[in-house]
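Below: run24.cif (mmCIF, C-alpha atoms)
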data_start
#
loop_
_atom_site.label_atom_id
_atom_site.label_comp_id
_atom_site.auth_asym_id
_atom_site.auth_seq_id
_atom_site.Cartn_x
_atom_site.Cartn_y
_atom_site.Cartn_z
CA MET A 1 93.79 3.62 61.99
CA ALA A 2 94.07 5.24 65.38
CA GLY A 3 93.03 8.80 64.47
CA LYS A 4 89.77 8.00 62.60
CA GLU A 5 86.38 7.08 64.00
CA GLU A 6 84.92 3.86 62.75
CA GLN A 7 81.65 4.29 60.67
CA PRO A 8 78.77 2.02 61.71
CA ILE A 9 77.64 -0.43 59.06
CA ILE A 10 73.86 -0.13 58.28
CA ILE A 11 72.11 -3.09 56.66
CA VAL A 12 68.70 -2.41 55.03
CA LYS A 13 66.39 -5.39 54.59
CA LYS A 14 63.27 -5.11 52.34
CA LYS A 15 60.32 -7.24 53.30
CA ILE A 16 58.38 -8.53 50.32
CA ASN A 17 54.83 -9.68 50.97
CA ALA A 18 53.83 -12.37 48.49
CA GLY A 19 50.39 -11.96 47.00
CA GLY A 20 49.58 -15.62 47.27
CA HIS A 21 47.43 -17.41 44.74
CA HIS A 22 44.29 -15.26 45.10
CA GLY A 23 45.35 -12.87 42.28
CA GLY A 24 44.09 -15.23 39.52
CA ALA A 25 40.62 -15.83 40.96
CA TRP A 26 39.06 -13.22 38.63
CA LYS A 27 39.95 -15.38 35.66
CA VAL A 28 37.72 -18.14 36.90
CA ALA A 29 34.84 -15.71 37.48
CA TYR A 30 35.33 -14.18 34.05
CA ALA A 31 35.36 -17.61 32.41
CA ASP A 32 32.08 -18.46 34.16
CA PHE A 33 30.60 -15.15 32.97
CA VAL A 34 31.66 -15.75 29.37
CA THR A 35 30.23 -19.28 29.49
CA ALA A 36 26.92 -17.99 30.85
CA MET A 37 26.73 -15.27 28.18
CA MET A 38 27.48 -17.78 25.46
CA ALA A 39 24.73 -20.05 26.76
CA PHE A 40 22.34 -17.06 26.90
CA PHE A 41 23.02 -16.09 23.30
CA MET A 42 22.65 -19.70 22.20
CA VAL A 43 19.20 -19.80 23.83
CA MET A 44 18.24 -16.50 22.15
CA TRP A 45 19.45 -17.75 18.77
CA LEU A 46 17.53 -21.01 19.11
CA SER A 47 14.40 -19.13 20.18
CA ALA A 48 14.58 -17.02 17.04
CA THR A 49 15.19 -19.86 14.61
CA LEU A 50 13.34 -22.92 15.90
CA PRO A 51 9.75 -23.56 14.77
CA GLN A 52 7.00 -22.87 17.28
CA GLU A 53 6.21 -26.57 17.69
CA GLN A 54 9.73 -27.40 18.82
CA LEU A 55 9.87 -24.39 21.11
CA GLY A 56 6.64 -25.54 22.75
CA GLY A 57 8.13 -29.00 23.23
CA MET A 58 11.26 -27.59 24.83
CA ALA A 59 9.22 -25.43 27.19
CA GLU A 60 7.12 -28.40 28.31
CA TYR A 61 10.24 -30.50 28.73
CA PHE A 62 11.82 -28.07 31.16
CA LYS A 63 8.57 -27.79 33.09
CA ASN A 64 8.37 -31.52 33.59
CA PRO A 65 11.17 -33.66 32.03
CA SER A 66 10.08 -37.00 30.63
CA VAL A 67 11.90 -40.27 30.91
CA LEU A 68 11.06 -40.88 27.27
CA GLU A 69 13.47 -39.30 24.81
CA GLY A 70 12.08 -36.68 22.48
CA LEU A 71 8.64 -36.49 24.11
CA SER A 72 7.07 -33.59 25.94
CA VAL A 73 4.97 -34.40 28.95
CA ALA A 74 2.46 -32.76 31.22
CA THR A 75 1.80 -33.50 34.87
CA VAL A 76 -1.30 -35.39 35.87
CA PRO A 77 -3.27 -33.14 38.28
CA GLY A 78 -3.07 -34.35 41.85
CA SER A 79 -0.16 -36.71 41.24
CA MET A 80 3.01 -34.91 42.28
CA GLY A 81 6.45 -36.34 42.83
CA PRO A 82 9.61 -34.95 44.43
CA GLY A 83 10.27 -31.36 43.55
CA GLY A 84 6.78 -30.90 42.10
CA ALA A 85 7.28 -33.25 39.14
CA GLY A 86 4.50 -35.64 38.26
CA ASP A 87 5.07 -39.30 38.92
CA ALA A 88 2.93 -40.38 35.91
CA PRO A 89 3.88 -38.37 32.84
CA VAL A 90 1.33 -38.00 30.05
CA GLN A 91 2.41 -37.36 26.46
CA VAL A 92 1.13 -34.08 25.02
CA PHE A 93 2.77 -34.10 21.56
CA ASP A 94 5.91 -35.21 19.82
CA ALA A 95 8.10 -32.15 20.12
CA MET A 96 10.61 -33.19 17.49
CA LYS A 97 8.16 -34.39 14.81
CA PRO A 98 9.58 -33.35 11.41
CA PRO A 99 7.39 -31.43 8.96
CA ASP A 100 5.56 -33.38 6.27
CA GLY A 101 7.40 -33.85 3.01
CA ASP A 102 10.77 -35.13 1.92
CA PRO A 103 13.42 -34.91 4.63
CA GLY A 104 15.88 -32.13 4.06
CA ASP A 105 13.89 -30.30 1.41
CA GLY A 106 13.73 -27.27 3.72
CA GLU A 107 10.30 -26.26 2.44
CA THR A 108 7.11 -26.00 4.44
CA GLU A 109 3.76 -24.35 3.94
CA ASP A 110 2.68 -24.73 7.54
CA PRO A 111 2.55 -21.34 9.33
CA ALA A 112 3.55 -23.14 12.55
CA GLU A 113 6.82 -24.13 10.89
CA GLY A 114 7.78 -20.50 10.31
CA GLY A 115 6.32 -20.17 6.78
CA ALA A 116 3.10 -18.53 5.59
CA ALA A 117 0.28 -20.47 3.99
CA PRO A 118 0.07 -19.66 0.27
CA MET A 119 -2.73 -17.29 -0.73
CA THR A 120 -5.25 -18.34 -3.33
CA ASP A 121 -5.70 -16.36 -6.54
CA GLU A 122 -9.03 -15.08 -5.25
CA GLU A 123 -7.45 -13.86 -2.01
CA ILE A 124 -4.62 -12.13 -3.89
CA GLU A 125 -7.09 -10.42 -6.22
CA ALA A 126 -9.31 -9.32 -3.34
CA GLN A 127 -6.32 -7.92 -1.45
CA ALA A 128 -5.16 -6.05 -4.56
CA LYS A 129 -8.63 -4.54 -4.99
CA GLU A 130 -8.67 -3.38 -1.37
CA ILE A 131 -5.25 -1.73 -1.78
CA GLU A 132 -6.36 -0.03 -4.99
CA LYS A 133 -9.60 1.16 -3.44
CA ALA A 134 -7.71 2.63 -0.49
CA ARG A 135 -5.33 4.41 -2.89
CA LEU A 136 -8.23 5.95 -4.81
CA GLU A 137 -9.96 6.99 -1.59
CA ASP A 138 -6.73 8.64 -0.47
CA LEU A 139 -6.43 10.47 -3.81
CA LYS A 140 -10.02 11.68 -3.49
CA LYS A 141 -9.25 13.02 -0.02
CA GLN A 142 -6.11 14.79 -1.27
CA LEU A 143 -8.05 16.42 -4.11
CA GLU A 144 -10.80 17.58 -1.77
CA GLU A 145 -8.20 19.16 0.52
CA ALA A 146 -6.46 20.76 -2.46
CA ILE A 147 -9.75 22.26 -3.68
CA ASP A 148 -10.42 23.74 -0.23
CA GLN A 149 -6.89 25.12 0.21
CA SER A 150 -6.06 26.31 -3.31
CA ALA A 151 -7.18 29.85 -4.13
CA SER A 152 -7.42 29.01 -7.83
CA LEU A 153 -9.51 25.87 -7.24
CA ALA A 154 -11.70 27.06 -4.37
CA ALA A 155 -13.47 29.52 -6.70
CA PHE A 156 -14.56 26.57 -8.86
CA LYS A 157 -15.51 24.23 -6.02
CA GLU A 158 -19.11 24.00 -7.24
CA GLN A 159 -17.93 22.93 -10.69
CA LEU A 160 -15.64 20.13 -9.44
CA LEU A 161 -17.49 16.92 -8.54
CA LEU A 162 -15.61 13.93 -7.10
CA ASP A 163 -16.97 10.45 -6.43
CA ILE A 164 -15.97 6.77 -6.50
CA THR A 165 -17.64 4.73 -9.27
CA PRO A 166 -17.30 1.08 -10.37
CA GLU A 167 -14.70 2.30 -12.89
CA GLY A 168 -12.55 4.21 -10.37
CA LEU A 169 -12.27 7.75 -9.05
CA ARG A 170 -14.32 10.14 -11.19
CA ILE A 171 -13.55 13.86 -11.41
CA GLN A 172 -16.16 15.88 -13.27
CA ILE A 173 -15.66 19.50 -14.34
CA VAL A 174 -19.08 20.90 -15.22
CA ASP A 175 -20.28 24.10 -16.84
CA GLN A 176 -22.19 26.78 -14.99
CA GLN A 177 -24.52 29.31 -16.55
CA ASN A 178 -22.07 32.20 -16.36
CA ARG A 179 -18.84 30.19 -16.17
CA PRO A 180 -18.50 27.71 -19.07
CA MET A 181 -15.38 25.64 -19.60
CA PHE A 182 -15.42 26.24 -23.35
CA ASP A 183 -16.59 28.94 -25.68
CA SER A 184 -20.04 28.20 -27.03
CA GLY A 185 -19.82 25.62 -29.83
CA SER A 186 -16.01 25.47 -29.50
CA PHE A 187 -13.45 23.09 -28.07
CA ARG A 188 -11.17 25.97 -27.04
CA LEU A 189 -10.63 25.88 -23.26
CA GLN A 190 -11.17 28.95 -21.14
CA SER A 191 -8.05 30.14 -19.29
CA TYR A 192 -9.49 29.23 -15.87
CA THR A 193 -10.34 25.73 -17.14
CA ILE A 194 -6.69 25.27 -18.13
CA ASN A 195 -5.67 26.41 -14.63
CA ILE A 196 -8.01 23.84 -13.06
CA LEU A 197 -6.58 21.01 -15.15
CA ASN A 198 -3.01 22.13 -14.47
CA GLU A 199 -3.74 22.12 -10.73
CA LEU A 200 -5.15 18.58 -10.93
CA ALA A 201 -2.31 17.22 -13.07
CA PRO A 202 0.32 16.58 -10.30
CA TYR A 203 -2.18 14.55 -8.26
CA LEU A 204 -3.19 12.44 -11.27
CA GLN A 205 0.45 11.88 -12.20
CA GLY A 206 1.24 10.77 -8.65
CA VAL A 207 -0.79 7.53 -8.88
CA PRO A 208 0.04 4.55 -11.14
CA ASN A 209 -3.52 4.29 -12.50
CA ARG A 210 -4.32 5.12 -16.12
CA LEU A 211 -6.80 7.87 -17.04
CA SER A 212 -9.98 7.94 -19.07
CA ILE A 213 -11.26 11.32 -20.35
CA THR A 214 -14.81 11.71 -21.64
CA GLY A 215 -16.38 14.79 -23.24
CA HIS A 216 -20.11 15.53 -22.85
CA THR A 217 -22.48 18.07 -24.37
CA ASP A 218 -26.10 19.01 -23.75
CA THR A 219 -28.86 18.35 -26.28
CA THR A 220 -28.53 21.70 -28.03
CA PRO A 221 -27.54 20.82 -31.63
CA PHE A 222 -24.22 22.09 -32.93
CA GLY A 223 -24.79 25.13 -35.13
CA GLY A 224 -22.73 23.85 -38.03
CA GLY A 225 -24.32 20.43 -38.20
CA ASP A 226 -24.84 20.70 -41.95
CA THR A 227 -21.09 20.30 -42.44
CA GLY A 228 -21.12 16.93 -40.70
CA TYR A 229 -19.54 18.31 -37.51
CA THR A 230 -21.94 17.46 -34.69
CA ASN A 231 -21.98 17.24 -30.92
CA TRP A 232 -20.19 13.90 -31.27
CA GLU A 233 -17.16 15.51 -32.83
CA LEU A 234 -17.43 18.49 -30.48
CA SER A 235 -17.46 16.32 -27.34
CA ALA A 236 -14.49 14.29 -28.60
CA ASP A 237 -12.51 17.45 -29.43
CA ARG A 238 -13.25 18.87 -25.97
CA ALA A 239 -12.02 15.66 -24.35
CA ASN A 240 -8.81 15.92 -26.38
CA ALA A 241 -8.41 19.57 -25.38
CA ALA A 242 -8.64 18.52 -21.71
CA ARG A 243 -6.04 15.80 -22.38
CA ARG A 244 -3.62 18.35 -23.83
CA ALA A 245 -4.09 20.63 -20.81
CA LEU A 246 -3.35 17.76 -18.42
CA VAL A 247 -0.23 16.83 -20.37
CA SER A 248 0.98 20.43 -20.28
CA GLY A 249 0.39 20.32 -16.50
CA GLY A 250 2.69 17.30 -16.07
CA VAL A 251 0.64 14.18 -16.79
CA SER A 252 2.60 11.77 -18.98
CA MET A 253 1.16 10.60 -22.30
CA GLU A 254 1.53 6.97 -21.17
CA LYS A 255 -1.14 7.48 -18.51
CA MET A 256 -3.81 8.21 -21.12
CA ALA A 257 -5.79 5.04 -21.81
CA ARG A 258 -9.02 6.35 -23.31
CA VAL A 259 -10.19 9.71 -24.71
CA VAL A 260 -13.76 9.65 -26.04
CA GLY A 261 -16.70 11.91 -26.81
CA VAL A 262 -20.24 10.74 -26.06
CA SER A 263 -22.20 13.82 -27.19
CA ASP A 264 -25.46 14.09 -25.19
CA SER A 265 -25.94 10.31 -24.75
CA VAL A 266 -25.14 10.42 -21.02
CA LEU A 267 -26.86 13.43 -19.46
CA PHE A 268 -26.12 14.64 -15.95
CA ASP A 269 -29.53 16.28 -15.60
CA LYS A 270 -32.00 14.11 -17.48
CA GLU A 271 -34.92 16.26 -16.40
CA ASN A 272 -33.44 19.32 -18.09
CA PRO A 273 -31.37 18.21 -21.12
CA THR A 274 -30.26 21.77 -21.92
CA ASN A 275 -28.95 22.44 -18.41
CA PRO A 276 -25.33 23.76 -18.64
CA ILE A 277 -24.26 21.10 -16.11
CA ASN A 278 -24.68 18.51 -18.88
CA ARG A 279 -21.71 20.11 -20.66
CA ARG A 280 -18.80 18.62 -18.79
CA ILE A 281 -15.48 16.80 -18.89
CA SER A 282 -15.25 13.55 -16.93
CA ILE A 283 -11.80 12.31 -15.88
CA ILE A 284 -11.72 8.80 -14.42
CA VAL A 285 -8.70 7.45 -12.55
CA MET A 286 -9.37 3.88 -13.63
CA ASN A 287 -9.11 0.82 -11.44
CA LYS A 288 -7.33 -2.24 -12.80
CA ALA A 289 -10.44 -4.01 -14.10
CA THR A 290 -11.52 -0.96 -16.10
CA GLU A 291 -7.98 -0.37 -17.34
CA ASP A 292 -7.68 -3.99 -18.51
CA ALA A 293 -10.97 -3.69 -20.39
CA ALA A 294 -9.96 -0.37 -21.99
CA LEU A 295 -6.59 -1.74 -23.13
CA GLY A 296 -7.94 -5.12 -24.29
CA ARG A 297 -6.03 -7.18 -21.73
CA ASN A 298 -8.90 -9.56 -21.05
CA ASP A 299 -8.20 -12.93 -22.68
CA ASP A 300 -11.15 -14.75 -21.17
CA PRO A 301 -14.21 -14.90 -23.48
CA ALA A 302 -16.46 -13.87 -20.60
CA ASP A 303 -14.28 -10.82 -20.03
CA ALA A 304 -14.39 -10.06 -23.76
CA ASP A 305 -18.18 -10.07 -23.61
CA ALA A 306 -18.01 -7.70 -20.64
CA GLU A 307 -15.70 -5.45 -22.62
CA ALA A 308 -18.17 -5.43 -25.51
CA GLY A 309 -20.78 -4.12 -23.09
CA GLU A 310 -18.44 -1.44 -21.75
CA ALA A 311 -20.36 1.53 -23.17
CA PRO A 312 -23.58 0.78 -21.24
CA ALA A 313 -21.51 0.25 -18.09
CA GLU A 314 -19.80 3.59 -18.62
CA ALA A 315 -23.13 5.26 -19.15
CA ALA A 316 -24.34 3.86 -15.85
CA ALA A 317 -21.17 5.04 -14.14
CA GLU A 318 -21.72 8.55 -15.48
CA THR A 319 -25.02 8.82 -13.63
CA PRO A 320 -24.60 11.64 -11.04
CA PRO A 321 -24.39 10.57 -7.40
CA ALA A 322 -27.48 10.87 -5.28
CA GLY A 323 -27.87 14.23 -3.60
#
As structure tokens, please, write out the structure in this file.
Amino acid sequence: MAGKEEQPIIIVKKKINAGGHHGGAWKVAYADFVTAMMAFFMVMWLSATLPQEQLGGMAEYFKNPSVLEGLSVATVPGSMGPGGAGDAPVQVFDAMKPPDGDPGDGETEDPAEGGAAPMTDEEIEAQAKEIEKARLEDLKKQLEEAIDQSASLAAFKEQLLLDITPEGLRIQIVDQQNRPMFDSGSFRLQSYTINILNELAPYLQGVPNRLSITGHTDTTPFGGGDTGYTNWELSADRANAARRALVSGGVSMEKMARVVGVSDSVLFDKENPTNPINRRISIIVMNKATEDAALGRNDDPADADAEAGEAPAEAAAETPPAG
């Protein structure tokens, strides 16, 4: 049309730059990484599961590969081939030698094959005794610390004697001249004696060992001996009174293995038979051998003979420690 100006036509062209084929290169690198990690974890798994003998064979193989299949080799000194490998391999040991026994049984007693050598009965018993001895030593240490730290026990420190005997840990509560555990000629406990036993009870309950309680008197005859009640009965009744106090303090009845009275047959102070220290209660945290003898668990005739001689052994154990 004559009266209108013609509009210019504008053409827009977009240039697209192709990325080429380099955009997928990361996939190859990632695949290599995954393969390497898988190989690494396979090596770690094999290291953790293979026996030491086979691991040693593999290590020697990679140091100096052998031309013989399944054999580990070592380089002869002074004879080196290309790359440092020896040109005359020498066999060290058969890396893939199977363990002795039927193939496929999966059992081995060789420590080198990943298993432990079986312990003999003597070794097991010796180890058990060491563990038990350590437990009793630890209990003795705990009681000594409790006596030092407890206000109620510290006042009676001189009357509490602790030592390790062939029967176990022995705790002796002894009389003093002005501080007896019982009324004279009676099995009735003084209030502070009950407190002492109640303080000891949680420690005695905390170990699996059984307890033996023995009552002792001095040589002073019981005043009512004409009725047939003597120091033998008195010492046994005092041992039972101590047992009741321990039970009221938390010791279970099942832990009591032996409660006996021995009168004045086992004196603490033999030089002075009337010394108040001879009047005492002895509590023994028994070791296994003593517990077995007390409960009649010994089936062997030799052990039965030892059990028959238990009283003399106990008397020897009641001898006060030196010093």
Exercise for review: I need the residue set behind the PyMOL selection byres ((chain A and resi 242) around 12) for this file; please write it as a ChimeraX atom specification.
Suggested key: /A:172-173,181-182,187-191,193-198,200-201,211-216,235-241,243-249,251,256,259-261,280-283
Those selected residues, please, written with C-alpha atoms and delivered as a compact mmCIF listing (two decimals), in the frame of the given file.
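File produced: part-v6.txt:
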# COMPACT_ATOMS: atom_id res chain seq x y z
CA GLN A 172 -16.16 15.88 -13.27
CA ILE A 173 -15.66 19.50 -14.34
CA MET A 181 -15.38 25.64 -19.60
CA PHE A 182 -15.42 26.24 -23.35
CA PHE A 187 -13.45 23.09 -28.07
CA ARG A 188 -11.17 25.97 -27.04
CA LEU A 189 -10.63 25.88 -23.26
CA GLN A 190 -11.17 28.95 -21.14
CA SER A 191 -8.05 30.14 -19.29
CA THR A 193 -10.34 25.73 -17.14
CA ILE A 194 -6.69 25.27 -18.13
CA ASN A 195 -5.67 26.41 -14.63
CA ILE A 196 -8.01 23.84 -13.06
CA LEU A 197 -6.58 21.01 -15.15
CA ASN A 198 -3.01 22.13 -14.47
CA LEU A 200 -5.15 18.58 -10.93
CA ALA A 201 -2.31 17.22 -13.07
CA LEU A 211 -6.80 7.87 -17.04
CA SER A 212 -9.98 7.94 -19.07
CA ILE A 213 -11.26 11.32 -20.35
CA THR A 214 -14.81 11.71 -21.64
CA GLY A 215 -16.38 14.79 -23.24
CA HIS A 216 -20.11 15.53 -22.85
CA SER A 235 -17.46 16.32 -27.34
CA ALA A 236 -14.49 14.29 -28.60
CA ASP A 237 -12.51 17.45 -29.43
CA ARG A 238 -13.25 18.87 -25.97
CA ALA A 239 -12.02 15.66 -24.35
CA ASN A 240 -8.81 15.92 -26.38
CA ALA A 241 -8.41 19.57 -25.38
CA ARG A 243 -6.04 15.80 -22.38
CA ARG A 244 -3.62 18.35 -23.83
CA ALA A 245 -4.09 20.63 -20.81
CA LEU A 246 -3.35 17.76 -18.42
CA VAL A 247 -0.23 16.83 -20.37
CA SER A 248 0.98 20.43 -20.28
CA GLY A 249 0.39 20.32 -16.50
CA VAL A 251 0.64 14.18 -16.79
CA MET A 256 -3.81 8.21 -21.12
CA VAL A 259 -10.19 9.71 -24.71
CA VAL A 260 -13.76 9.65 -26.04
CA GLY A 261 -16.70 11.91 -26.81
CA ARG A 280 -18.80 18.62 -18.79
CA ILE A 281 -15.48 16.80 -18.89
CA SER A 282 -15.25 13.55 -16.93
CA ILE A 283 -11.80 12.31 -15.88
Since I can't run it myself right now, could you work out what the PyMOL selection byres ((chain A and resi 286-296) around 6) selects here and report it as a compact mmCIF listing (two decimals) with C-alpha atoms, in the coordinates of the input?
# COMPACT_ATOMS: atom_id res chain seq x y z
CA GLU A 167 -14.70 2.30 -12.89
CA GLY A 168 -12.55 4.21 -10.37
CA ASN A 209 -3.52 4.29 -12.50
CA ARG A 210 -4.32 5.12 -16.12
CA LEU A 211 -6.80 7.87 -17.04
CA ILE A 284 -11.72 8.80 -14.42
CA VAL A 285 -8.70 7.45 -12.55
CA ARG A 297 -6.03 -7.18 -21.73
CA ASN A 298 -8.90 -9.56 -21.05
CA GLU A 307 -15.70 -5.45 -22.62
Check your understanding: Interatomic distance between CA of Thr217 (chain A) and CA of Ile171 (chain A)?
Key ->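 CA of Ile171 (chain A) lies 16.3 Å from CA of Thr217 (chain A).
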**Study point:** Two-atom distance - CA of Arg258 (chain A), CA of Ser186 (chain A) (Å)
**Key:**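 Answer for the CA of Arg258 (chain A) to CA of Ser186 (chain A) separation: 21.3 Å.
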Practice item. Go through A:Ile277, A:Val28, A:Gln54, A:Lys129 and flag the residue nearest Gln159 (chain A), using only C-alpha atoms for the distances. Key: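 Result for the nearest residue to Gln159 (chain A): A:Ile277.
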Exercise for review: May I ask for the distance between CA of Leu160 (chain A) and CA of Gly223 (chain A), given in Å to one decimal place?
Suggested key: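 Computing the Euclidean distance for CA of Leu160 (chain A) and CA of Gly223 (chain A) yields 27.7 Å.
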Just need the box for region 247-253 of chain A, edges along x, y and z, holding every atom the file lists for it with 6 Å tacked onto each side, so centre and edge lengths in Å to one decimal, as lines of an AutoDock Vina configuration file.
center_x = 1.2
center_y = 15.5
center_z = -19.2
size_x = 14.9
size_y = 21.8
size_z = 18.2
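Distance check against Arg170 (chain A) using all atoms listed in the file: of A:Met44, A:Ile147, A:Leu136, A:Ala128, the minimum falls on A:Leu136.
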**Study point:** Which of A:Lys157, A:Arg179, A:Lys133, A:Lys255 sits closest to Leu204 (chain A) [using only C-alpha atoms]
**Key:** A:Lys255
